[in-house]
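Just my_file_28.txt here, compact mmCIF, C-alpha atoms and all ligand atoms:
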# COMPACT_ATOMS: atom_id res chain seq x y z
CA MET A 1366 -16.46 -27.43 -2.06
CA ALA A 1367 -14.03 -29.84 -3.68
CA GLY A 1368 -13.28 -31.65 -6.88
CA ASP A 1369 -14.29 -30.32 -10.30
CA THR A 1370 -12.36 -27.68 -12.16
CA PRO A 1371 -13.85 -24.40 -10.95
CA HIS A 1372 -14.01 -21.21 -13.01
CA SER A 1373 -11.71 -19.77 -10.38
CA VAL A 1374 -8.55 -21.76 -9.78
CA VAL A 1375 -7.73 -19.68 -6.72
CA GLN A 1376 -10.09 -17.75 -4.44
CA VAL A 1377 -8.59 -15.58 -1.73
CA SER A 1378 -10.63 -13.87 0.93
CA ASN A 1379 -9.21 -11.34 3.43
CA LEU A 1380 -5.96 -13.28 3.68
CA GLN A 1381 -3.36 -11.99 6.12
CA LYS A 1382 0.10 -13.16 7.17
CA LYS A 1383 2.14 -11.57 9.93
CA TYR A 1384 5.72 -12.36 10.90
CA GLY A 1385 5.89 -10.89 14.39
CA SER A 1386 5.15 -7.19 13.95
CA THR A 1387 5.66 -7.32 10.12
CA THR A 1388 2.47 -7.69 8.11
CA ALA A 1389 3.74 -9.38 4.93
CA VAL A 1390 0.27 -10.00 3.45
CA ASP A 1391 -2.34 -7.50 4.49
CA ASP A 1392 -6.00 -8.47 4.08
CA VAL A 1393 -5.97 -9.39 0.38
CA SER A 1394 -8.92 -10.73 -1.61
CA PHE A 1395 -8.89 -11.76 -5.27
CA GLU A 1396 -9.54 -14.61 -7.71
CA ILE A 1397 -7.39 -16.31 -10.32
CA HIS A 1398 -9.32 -17.59 -13.32
CA THR A 1399 -8.94 -20.93 -15.07
CA ASP A 1400 -6.36 -20.99 -17.87
CA GLU A 1401 -5.03 -17.48 -17.48
CA ILE A 1402 -1.57 -16.16 -16.76
CA PHE A 1403 -2.06 -14.20 -13.56
CA GLY A 1404 0.75 -11.78 -12.72
CA LEU A 1405 1.64 -10.71 -9.22
CA LEU A 1406 3.75 -7.57 -9.64
CA GLY A 1407 5.50 -5.68 -6.89
CA PRO A 1408 8.83 -4.53 -5.46
CA ASN A 1409 11.10 -6.67 -3.27
CA GLY A 1410 9.50 -7.13 0.11
CA ALA A 1411 5.94 -6.45 -1.14
CA GLY A 1412 4.78 -9.84 0.12
CA LYS A 1413 4.52 -11.69 -3.20
CA THR A 1414 6.51 -14.75 -2.14
CA THR A 1415 4.67 -14.99 1.17
CA LEU A 1416 1.34 -14.81 -0.66
CA VAL A 1417 2.21 -17.63 -3.06
CA GLU A 1418 3.70 -19.68 -0.21
CA LEU A 1419 0.34 -19.37 1.57
CA LEU A 1420 -1.40 -20.59 -1.58
CA GLN A 1421 1.00 -23.53 -1.81
CA GLY A 1422 0.22 -24.53 1.76
CA LEU A 1423 3.80 -23.82 2.89
CA ARG A 1424 2.77 -21.19 5.45
CA THR A 1425 -0.22 -20.78 7.72
CA PRO A 1426 -2.27 -17.58 7.40
CA THR A 1427 -2.72 -15.32 10.42
CA ALA A 1428 -6.28 -14.56 9.27
CA GLY A 1429 -8.58 -15.02 6.28
CA ALA A 1430 -9.08 -17.95 3.94
CA ALA A 1431 -8.23 -19.22 0.48
CA THR A 1432 -8.96 -22.16 -1.78
CA VAL A 1433 -6.84 -23.61 -4.59
CA LEU A 1434 -8.70 -25.77 -7.12
CA GLY A 1435 -11.61 -25.62 -4.70
CA TYR A 1436 -9.66 -26.98 -1.72
CA ASP A 1437 -8.99 -25.07 1.48
CA ILE A 1438 -5.30 -24.15 1.78
CA GLN A 1439 -5.19 -24.98 5.49
CA ASP A 1440 -7.15 -28.22 5.64
CA ASP A 1441 -7.29 -29.93 2.26
CA LEU A 1442 -4.39 -28.88 0.08
CA TYR A 1443 -2.69 -32.29 0.32
CA ALA A 1444 -5.55 -33.70 -1.76
CA VAL A 1445 -4.49 -31.57 -4.75
CA LYS A 1446 -0.73 -31.62 -4.39
CA ASP A 1447 -0.38 -33.54 -7.68
CA ARG A 1448 -2.31 -30.81 -9.47
CA ILE A 1449 -0.08 -27.93 -8.32
CA GLY A 1450 3.38 -27.24 -9.77
CA VAL A 1451 5.92 -24.89 -8.21
CA VAL A 1452 9.15 -23.39 -9.56
CA PRO A 1453 10.76 -21.43 -6.72
CA GLN A 1454 12.81 -18.26 -7.09
CA SER A 1455 16.18 -19.95 -6.72
CA PHE A 1456 15.65 -23.27 -8.45
CA HIS A 1457 18.32 -25.98 -8.27
CA THR A 1458 18.41 -29.70 -8.81
CA PHE A 1459 20.94 -32.53 -9.13
CA GLU A 1460 23.92 -30.99 -10.95
CA ARG A 1461 25.40 -34.23 -12.28
CA LEU A 1462 22.15 -35.75 -13.51
CA SER A 1463 21.05 -34.95 -17.07
CA VAL A 1464 17.94 -32.94 -17.88
CA ARG A 1465 16.12 -36.16 -18.79
CA GLU A 1466 17.19 -37.90 -15.55
CA ASN A 1467 16.09 -34.96 -13.41
CA ILE A 1468 12.67 -34.89 -15.08
CA ALA A 1469 12.35 -38.69 -14.75
CA LEU A 1470 13.21 -38.50 -11.06
CA MET A 1471 10.43 -35.99 -10.48
CA ARG A 1472 8.05 -38.02 -12.67
CA ASP A 1473 8.42 -41.03 -10.35
CA LEU A 1474 6.74 -39.06 -7.54
CA TYR A 1475 3.39 -38.85 -9.34
CA SER A 1476 0.66 -41.34 -10.08
CA ASP A 1477 -0.46 -40.05 -13.49
CA PRO A 1478 2.41 -38.02 -14.97
CA LEU A 1479 3.22 -36.99 -18.54
CA ALA A 1480 5.88 -38.89 -20.50
CA VAL A 1481 9.37 -37.42 -20.10
CA GLU A 1482 9.63 -37.03 -23.89
CA THR A 1483 6.39 -35.01 -23.97
CA VAL A 1484 7.77 -32.55 -21.45
CA LEU A 1485 11.16 -32.33 -23.18
CA ASP A 1486 9.33 -31.58 -26.40
CA ARG A 1487 6.97 -28.96 -24.89
CA LEU A 1488 9.85 -27.07 -23.32
CA ASP A 1489 12.05 -27.39 -26.41
CA LEU A 1490 14.65 -29.23 -24.36
CA ASP A 1491 15.19 -32.23 -26.69
CA ASP A 1492 18.68 -31.10 -27.73
CA TYR A 1493 19.72 -30.78 -24.08
CA ALA A 1494 18.08 -33.95 -22.77
CA ASP A 1495 21.40 -35.67 -22.11
CA THR A 1496 23.28 -32.61 -20.82
CA ALA A 1497 24.07 -32.48 -17.11
CA PHE A 1498 22.00 -29.85 -15.30
CA GLY A 1499 25.19 -28.24 -13.92
CA SER A 1500 26.52 -27.59 -17.44
CA LEU A 1501 23.45 -25.72 -18.67
CA SER A 1502 23.17 -21.94 -19.04
CA GLY A 1503 20.96 -20.09 -16.53
CA GLY A 1504 18.11 -19.93 -19.07
CA PHE A 1505 18.11 -23.67 -19.72
CA GLN A 1506 18.42 -24.45 -16.00
CA ARG A 1507 15.28 -22.36 -15.44
CA ARG A 1508 13.57 -24.15 -18.32
CA THR A 1509 14.49 -27.51 -16.77
CA GLY A 1510 12.87 -26.31 -13.54
CA ILE A 1511 9.66 -25.55 -15.41
CA ALA A 1512 9.84 -28.98 -17.13
CA MET A 1513 10.23 -30.73 -13.76
CA ALA A 1514 7.22 -28.85 -12.40
CA LEU A 1515 5.15 -29.68 -15.49
CA VAL A 1516 5.79 -33.42 -15.60
CA SER A 1517 2.91 -33.99 -13.16
CA ASP A 1518 0.66 -32.16 -15.70
CA PRO A 1519 -0.51 -29.68 -13.04
CA ASP A 1520 -3.68 -27.57 -13.35
CA VAL A 1521 -1.89 -24.62 -11.79
CA LEU A 1522 1.78 -23.67 -11.95
CA PHE A 1523 3.41 -21.13 -9.62
CA LEU A 1524 6.45 -19.42 -11.11
CA ASP A 1525 8.38 -17.16 -8.74
CA GLU A 1526 10.57 -14.61 -10.57
CA PRO A 1527 11.22 -17.00 -13.50
CA THR A 1528 13.58 -14.73 -15.46
CA THR A 1529 15.59 -12.94 -12.76
CA GLY A 1530 19.28 -13.04 -13.68
CA LEU A 1531 18.73 -14.21 -17.27
CA ASP A 1532 20.06 -12.40 -20.35
CA PRO A 1533 17.52 -10.82 -22.75
CA ALA A 1534 17.52 -13.73 -25.22
CA ALA A 1535 17.05 -16.32 -22.45
CA ARG A 1536 14.24 -14.21 -20.95
CA ARG A 1537 12.39 -14.12 -24.27
CA GLY A 1538 12.86 -17.89 -24.68
CA THR A 1539 11.43 -18.49 -21.20
CA TRP A 1540 8.50 -16.18 -21.96
CA GLN A 1541 7.65 -18.24 -25.07
CA GLN A 1542 7.57 -21.40 -22.98
CA ILE A 1543 5.36 -19.81 -20.32
CA ASP A 1544 3.01 -18.22 -22.84
CA GLN A 1545 1.94 -21.58 -24.30
CA LEU A 1546 0.94 -23.12 -20.95
CA PRO A 1547 -2.70 -21.92 -20.63
CA ALA A 1548 -3.50 -23.45 -24.04
CA LEU A 1549 -2.15 -26.75 -22.69
CA GLY A 1550 -4.51 -26.54 -19.69
CA THR A 1551 -2.23 -25.02 -17.05
CA THR A 1552 -3.13 -21.82 -15.22
CA VAL A 1553 0.01 -19.83 -14.42
CA VAL A 1554 0.60 -17.68 -11.34
CA LEU A 1555 3.62 -15.53 -12.19
CA THR A 1556 5.43 -13.53 -9.52
CA THR A 1557 7.73 -10.82 -10.85
CA HIS A 1558 9.08 -7.31 -10.42
CA TYR A 1559 9.55 -6.84 -14.19
CA MET A 1560 7.00 -4.58 -15.90
CA ASP A 1561 7.92 -5.89 -19.38
CA GLU A 1562 7.35 -9.48 -18.24
CA ILE A 1563 3.83 -8.58 -17.14
CA GLU A 1564 3.16 -6.71 -20.40
CA ALA A 1565 4.44 -9.67 -22.43
CA LEU A 1566 2.65 -12.46 -20.56
CA ALA A 1567 -0.06 -11.59 -18.06
CA ASP A 1568 -3.76 -11.84 -18.89
CA ARG A 1569 -4.48 -10.07 -15.60
CA VAL A 1570 -2.19 -8.56 -13.01
CA ALA A 1571 -2.39 -7.64 -9.34
CA LEU A 1572 -0.15 -4.79 -8.17
CA MET A 1573 1.15 -5.62 -4.73
CA VAL A 1574 2.74 -2.97 -2.50
CA ASP A 1575 3.46 -3.21 1.26
CA GLY A 1576 1.45 -6.42 1.63
CA GLY A 1577 -1.70 -5.09 -0.05
CA ILE A 1578 -3.15 -5.43 -3.55
CA ARG A 1579 -3.57 -1.88 -4.84
CA ALA A 1580 -5.04 -2.62 -8.27
CA ILE A 1581 -6.07 -5.70 -10.25
CA ASP A 1582 -7.20 -6.04 -13.87
CA THR A 1583 -5.94 -6.69 -17.39
CA VAL A 1584 -2.84 -4.70 -18.37
CA ALA A 1585 -4.86 -2.79 -20.99
CA ALA A 1586 -7.59 -1.82 -18.50
CA LEU A 1587 -5.06 -0.71 -15.88
CA VAL A 1588 -3.14 1.37 -18.42
CA GLU A 1589 -6.36 3.02 -19.57
CA ARG A 1590 -7.55 3.70 -16.02
CA TYR A 1591 -4.32 4.87 -14.42
CA ALA A 1592 -1.94 5.93 -17.15
CA GLY A 1593 -3.99 7.39 -20.03
CA THR A 1594 -3.13 6.11 -23.48
CA VAL A 1595 -0.03 8.08 -24.30
CA LYS A 1596 2.65 10.11 -22.54
CA ILE A 1597 5.30 12.70 -23.30
CA ASN A 1598 8.70 12.41 -21.66
CA VAL A 1599 10.72 15.62 -21.50
CA THR A 1600 14.37 15.66 -20.49
CA LEU A 1601 16.03 19.03 -19.93
CA PRO A 1602 19.38 19.80 -21.54
CA LYS A 1603 22.19 19.13 -19.02
CA SER A 1604 23.06 22.84 -18.80
CA THR A 1605 19.56 23.78 -17.57
CA ALA A 1606 19.33 23.65 -13.81
CA ASP A 1607 15.69 24.58 -13.31
CA GLY A 1608 12.94 22.49 -14.89
CA ASP A 1609 10.17 24.98 -14.22
CA ASP A 1610 10.27 26.90 -17.51
CA GLN A 1611 7.96 27.36 -20.47
CA ILE A 1612 8.20 23.76 -21.64
CA MET A 1613 7.37 22.35 -18.25
CA THR A 1614 4.58 24.87 -17.72
CA THR A 1615 3.02 24.02 -21.10
CA LEU A 1616 3.22 20.30 -20.36
CA ARG A 1617 1.58 20.83 -16.97
CA GLN A 1618 -1.25 22.82 -18.52
CA ARG A 1619 -2.01 20.35 -21.32
CA ALA A 1620 -1.47 16.94 -19.71
CA ARG A 1621 -4.07 15.15 -17.61
CA GLU A 1622 -1.34 14.97 -15.00
CA THR A 1623 2.41 15.18 -14.74
CA HIS A 1624 5.11 13.43 -12.73
CA GLN A 1625 8.63 14.67 -12.17
CA PRO A 1626 10.92 11.65 -11.54
CA ASP A 1627 13.84 14.07 -11.01
CA SER A 1628 14.65 17.76 -11.53
CA GLN A 1629 15.77 17.17 -15.16
CA GLU A 1630 12.78 15.09 -16.27
CA MET A 1631 9.05 15.46 -16.57
CA VAL A 1632 6.40 12.99 -17.75
CA GLY A 1633 2.98 14.16 -18.97
CA ILE A 1634 0.08 11.69 -19.19
CA PHE A 1635 -2.57 12.19 -21.89
CA ASP A 1636 -5.90 10.50 -22.46
CA ASP A 1637 -5.98 11.06 -26.19
CA GLN A 1638 -3.46 10.81 -28.97
CA GLN A 1639 -4.53 14.06 -30.66
CA THR A 1640 -3.86 16.36 -27.68
CA ALA A 1641 -0.58 14.57 -27.01
CA GLN A 1642 0.49 14.91 -30.66
CA LYS A 1643 -0.34 18.64 -30.73
CA THR A 1644 1.45 19.24 -27.42
CA PHE A 1645 4.44 17.27 -28.70
CA SER A 1646 4.87 19.54 -31.75
CA ASP A 1647 4.21 22.71 -29.72
CA LEU A 1648 6.89 21.72 -27.20
CA HIS A 1649 9.36 21.11 -30.02
CA GLY A 1650 8.54 24.60 -31.34
CA ILE A 1651 9.40 26.18 -27.97
CA ASP A 1652 12.91 24.74 -27.74
CA PRO A 1653 14.27 22.01 -30.04
CA ASN A 1654 17.22 21.39 -27.66
CA TYR A 1655 15.09 19.47 -25.21
CA SER A 1656 14.78 15.73 -25.61
CA ILE A 1657 11.04 15.19 -26.07
CA GLU A 1658 9.52 11.75 -26.71
CA LEU A 1659 5.96 10.66 -27.40
CA VAL A 1660 5.40 7.08 -26.18
CA SER A 1661 2.54 4.73 -25.40
CA ALA A 1662 1.81 4.37 -21.69
CA GLY A 1663 2.50 1.01 -20.06
CA MET A 1664 2.73 -0.87 -16.76
CA GLU A 1665 5.52 1.33 -15.49
CA ASP A 1666 3.21 4.35 -15.69
CA VAL A 1667 0.45 2.39 -13.96
CA PHE A 1668 2.82 1.43 -11.17
CA LEU A 1669 4.03 5.00 -10.78
CA GLU A 1670 0.47 6.24 -10.48
CA VAL A 1671 -0.72 3.51 -8.12
CA ALA A 1672 2.37 3.13 -5.91
CA GLY A 1673 3.87 6.61 -6.22
CA SER A 1674 7.23 5.20 -7.36
CA THR A 1675 8.67 2.96 -10.03
CA LEU A 1676 11.00 -0.05 -9.77
CA ASP A 1677 14.65 -0.44 -10.70
CA THR A 1678 15.87 -3.58 -12.51
CA ALA A 1679 16.65 -5.26 -9.17
CA GLY A 1680 13.04 -4.83 -8.03
CA ASN A 1681 13.60 -2.02 -5.52
CA ARG A 1682 11.38 1.07 -5.42
CA ARG A 1683 12.99 4.27 -6.64
N1 LIG A 1701 10.33 -15.90 7.34
C1 LIG A 1701 10.19 -14.60 7.56
N2 LIG A 1701 10.30 -14.08 8.81
C2 LIG A 1701 10.14 -12.76 9.03
N3 LIG A 1701 9.85 -11.85 8.06
C3 LIG A 1701 9.73 -12.30 6.81
C4 LIG A 1701 9.90 -13.69 6.48
N4 LIG A 1701 9.71 -13.84 5.15
C5 LIG A 1701 9.44 -12.61 4.67
N5 LIG A 1701 9.45 -11.69 5.65
C6 LIG A 1701 9.17 -10.24 5.52
O1 LIG A 1701 7.87 -10.12 4.95
C7 LIG A 1701 7.82 -9.08 3.98
C8 LIG A 1701 7.40 -9.67 2.65
O2 LIG A 1701 8.44 -10.52 2.15
P1 LIG A 1701 8.28 -11.42 0.86
O3 LIG A 1701 9.55 -12.20 0.67
O4 LIG A 1701 7.02 -12.17 0.92
O5 LIG A 1701 8.17 -10.30 -0.27
P2 LIG A 1701 8.46 -10.40 -1.82
O6 LIG A 1701 7.55 -9.42 -2.47
O7 LIG A 1701 8.36 -11.80 -2.28
O8 LIG A 1701 9.95 -9.91 -1.95
P3 LIG A 1701 11.18 -10.62 -2.69
O9 LIG A 1701 10.92 -10.47 -4.15
O10 LIG A 1701 12.36 -9.83 -2.21
O11 LIG A 1701 11.21 -12.05 -2.22
C9 LIG A 1701 9.20 -8.45 3.98
O12 LIG A 1701 9.17 -7.35 4.86
C10 LIG A 1701 10.10 -9.55 4.52
O13 LIG A 1701 11.24 -9.00 5.17
Would you encode the structure as structure tokens?
Amino acid sequence: MAGDTPHSVVQVSNLQKKYGSTTAVDDVSFEIHTDEIFGLLGPNGAGKTTLVELLQGLRTPTAGAATVLGYDIQDDLYAVKDRIGVVPQSFHTFERLSVRENIALMRDLYSDPLAVETVLDRLDLDDYADTAFGSLSGGFQRRTGIAMALVSDPDVLFLDEPTTGLDPAARRGTWQQIDQLPALGTTVVLTTHYMDEIEALADRVALMVDGGIRAIDTVAALVERYAGTVKINVTLPKSTADGDDQIMTTLRQRARETHQPDSQEMVGIFDDQQTAQKTFSDLHGIDPNYSIELVSAGMEDVFLEVAGSTLDTAGNRR
């Protein structure tokens, strides 16, 4: 099959990639839909980069098959190279050229590109058009990378860890730029280890651990399935050595399930707000010295349930 815009931009079937004895991608199958932001979430070393490199035709699979825009990644991908944009994890370009010059240089490689001004405008880069790439902040360098990948007007854009190393304001700015892309006709494949990035942007997300995809759905559906709707976090007072007291026992009895990230903390997962609310006030009644919080469940809880661990800010499992 080739040519027209399919409902699925990417179709992956039993794809596997081994490096010697390391299986980086382990028999994965999934689809990416047209005009969605598809998140690939997992710790460092999970195989995310290898998987997207396979989909970009940069590596050869050990087994299995995949198509991008209907074209086989091993045989035909060259035919759609103009329709695929890539912003790699550590993006760099000509330091002394301005933002406009860097975009124009990339534009020259394509037969039917967007105007440079259109891309500058879409990425809110007009005020920096004449600034040298090397003088930009990390956030604006990343944004220039996205602009250079978008000048070919691709149908699908791969973004690998687009906000790693950026400050909170720059991250939010980058999110706004990414969020508008599906409405402009670009499907986004977003690789990240940040839970909040997935919650902010992804229409659907695949959780990748040790080369395999452990769960795949919308964030809301995953939270409902794996994390309940609400949770109670209990932190013991510093002076208390043993967490197994009345508070912990009550939480264990009432919650659908509990996790204990360390000896001073316990997390209870609840399926309904009412039971959680009642438990919350009962726990306060037992001992007001404990720190007890009632919070909505999110991707972090999903990840904990599916992978048995959570991730630190550097993307390592803990
Ligand atoms: N070129 C290579 N040769 C040998 N092993 C590799 C190579 N590239 C990756 N690996 C191994 O494959 C596994 C998956 O790595 P990969 O970089 O795809 O994961 P990742 O989820 O993208 O992690 P990160 O976010 O750290 O890049 C790891 O065990 C890694 O050490």
Practice problem: For atom CA of A:Asp1477 and atom CA of A:Phe1498, determine how far apart the two atoms are, in Å to one decimal place. | Solution: 24.7 Å
Practice problem: Within 7 Å of stretch 1543-1553 of chain A, counting all atoms listed in the file, which residues show up once you throw out same-chain ones fewer than 3 positions away? Write them as a PyMOL selection string, please. | Solution: chain A and resi 1399-1403+1519-1523+1539-1540+1566
Once you add 3 Å to each side, what are the centre and edge lengths of the axis-aligned box holding all listed atoms of stretch 1405-1416 of chain A? One decimal in Å, as AutoDock Vina command-line options, if you can.
--center_x 6.2 --center_y -9.8 --center_z -4.2 --size_x 15.8 --size_y 16.5 --size_z 16.8
Considering only C-alpha atoms, give me a table of residues in stretch 1496-1602 of chain A that are at most 8 Å from stretch 1619-1629 of chain A, with the closest atom pair and distance in Å for each, as a tab-separated table.
residue	atom	partner	partner_atom	distance
A:Thr1600	CA	A:Gln1629	CA	5.7
A:Leu1601	CA	A:Gln1629	CA	5.1
A:Pro1602	CA	A:Gln1629	CA	7.8
Preceding selection exported with C-alpha atoms as a PDB file, in the coordinates of the input:
ATOM      1  CA  THR A1600      14.370  15.660 -20.490  1.00  0.00           C
ATOM      2  CA  LEU A1601      16.030  19.030 -19.930  1.00  0.00           C
ATOM      3  CA  PRO A1602      19.380  19.800 -21.540  1.00  0.00           C
TER       4      PRO A1602
END
Practice problem: For A:Leu1531, please output as a ChimeraX atom specification all residues within 10 Å (counting all atoms listed in the file; exclusion window: fewer than 2 positions along the same chain). | Solution: /A:1502-1505,1507,1527-1529,1533-1537,1539
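The shortest atom-to-atom distance to ligand LIG 1701 (chain A), with all atoms listed in the file taken into account, belongs to A:Thr1387 out of A:Thr1427, A:Thr1675, A:Thr1387, A:Thr1496.
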Quiz item: Could you list, as a ChimeraX atom specification, all the residues within 7 Å of ligand LIG 1701 (chain A), counting all atoms listed in the file?
Solution: /A:1384,1387-1389,1407-1416,1576
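Counting from atom CA of A:Val1632, the distance to atom CA of A:Leu1659 is 9.9 Å.
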Quiz item: Contacts of A:Ser1661 at 10 Å or less, counting all atoms listed in the file, minus same-chain residues fewer than 5 places along, as a PyMOL selection string?
Solution: chain A and resi 1588+1592-1597+1634-1635+1638+1666
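Across the model, the gap from atom CA of A:Gly1633 to atom CA of A:Asp1652 is 17.0 Å.
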Exercise. Point out the residue among A:Val1451, A:Leu1669, A:Leu1423, A:Val1554 with the least atom-to-atom distance to A:Val1516, counting all atoms listed in the file.
Key: A:Val1451
Quiz item: Hey, what's within 8 Å of stretch 1439-1447 of chain A if we count all atoms listed in the file and toss same-chain stuff fewer than 5 positions away? As a ChimeraX atom specification, please?
Solution: /A:1421-1422,1425,1433-1434,1475,1517,1519
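The shortest atom-to-atom distance to A:Leu1555, with all atoms listed in the file taken into account, belongs to A:Asp1568 out of A:Lys1383, A:Asp1568, A:Ser1463, A:Val1390.
Proximity to A:Ser1394 was assessed for A:Leu1616, A:Ile1578, A:Ile1511, A:Leu1676 counting all atoms listed in the file; the smallest distance is recorded for A:Ile1578.
Proximity of A:Gln1611, A:Asp1636, A:Met1631, A:Ala1672 to A:Ile1651, computed with all atoms listed in the file, is greatest for A:Gln1611.
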Quiz item: From the list A:Glu1526, A:Asp1518, A:Asp1491, A:Asp1392, which residue is nearest A:Ala1679 when using all atoms listed in the file?
Solution: A:Glu1526
Quiz item: If you count all atoms listed in the file, which residues fall within 9 Å of A:Ala1469, apart from same-chain ones fewer than 2 positions away, as a ChimeraX atom specification?
Solution: /A:1464-1467,1471-1473,1480-1481,1513,1516
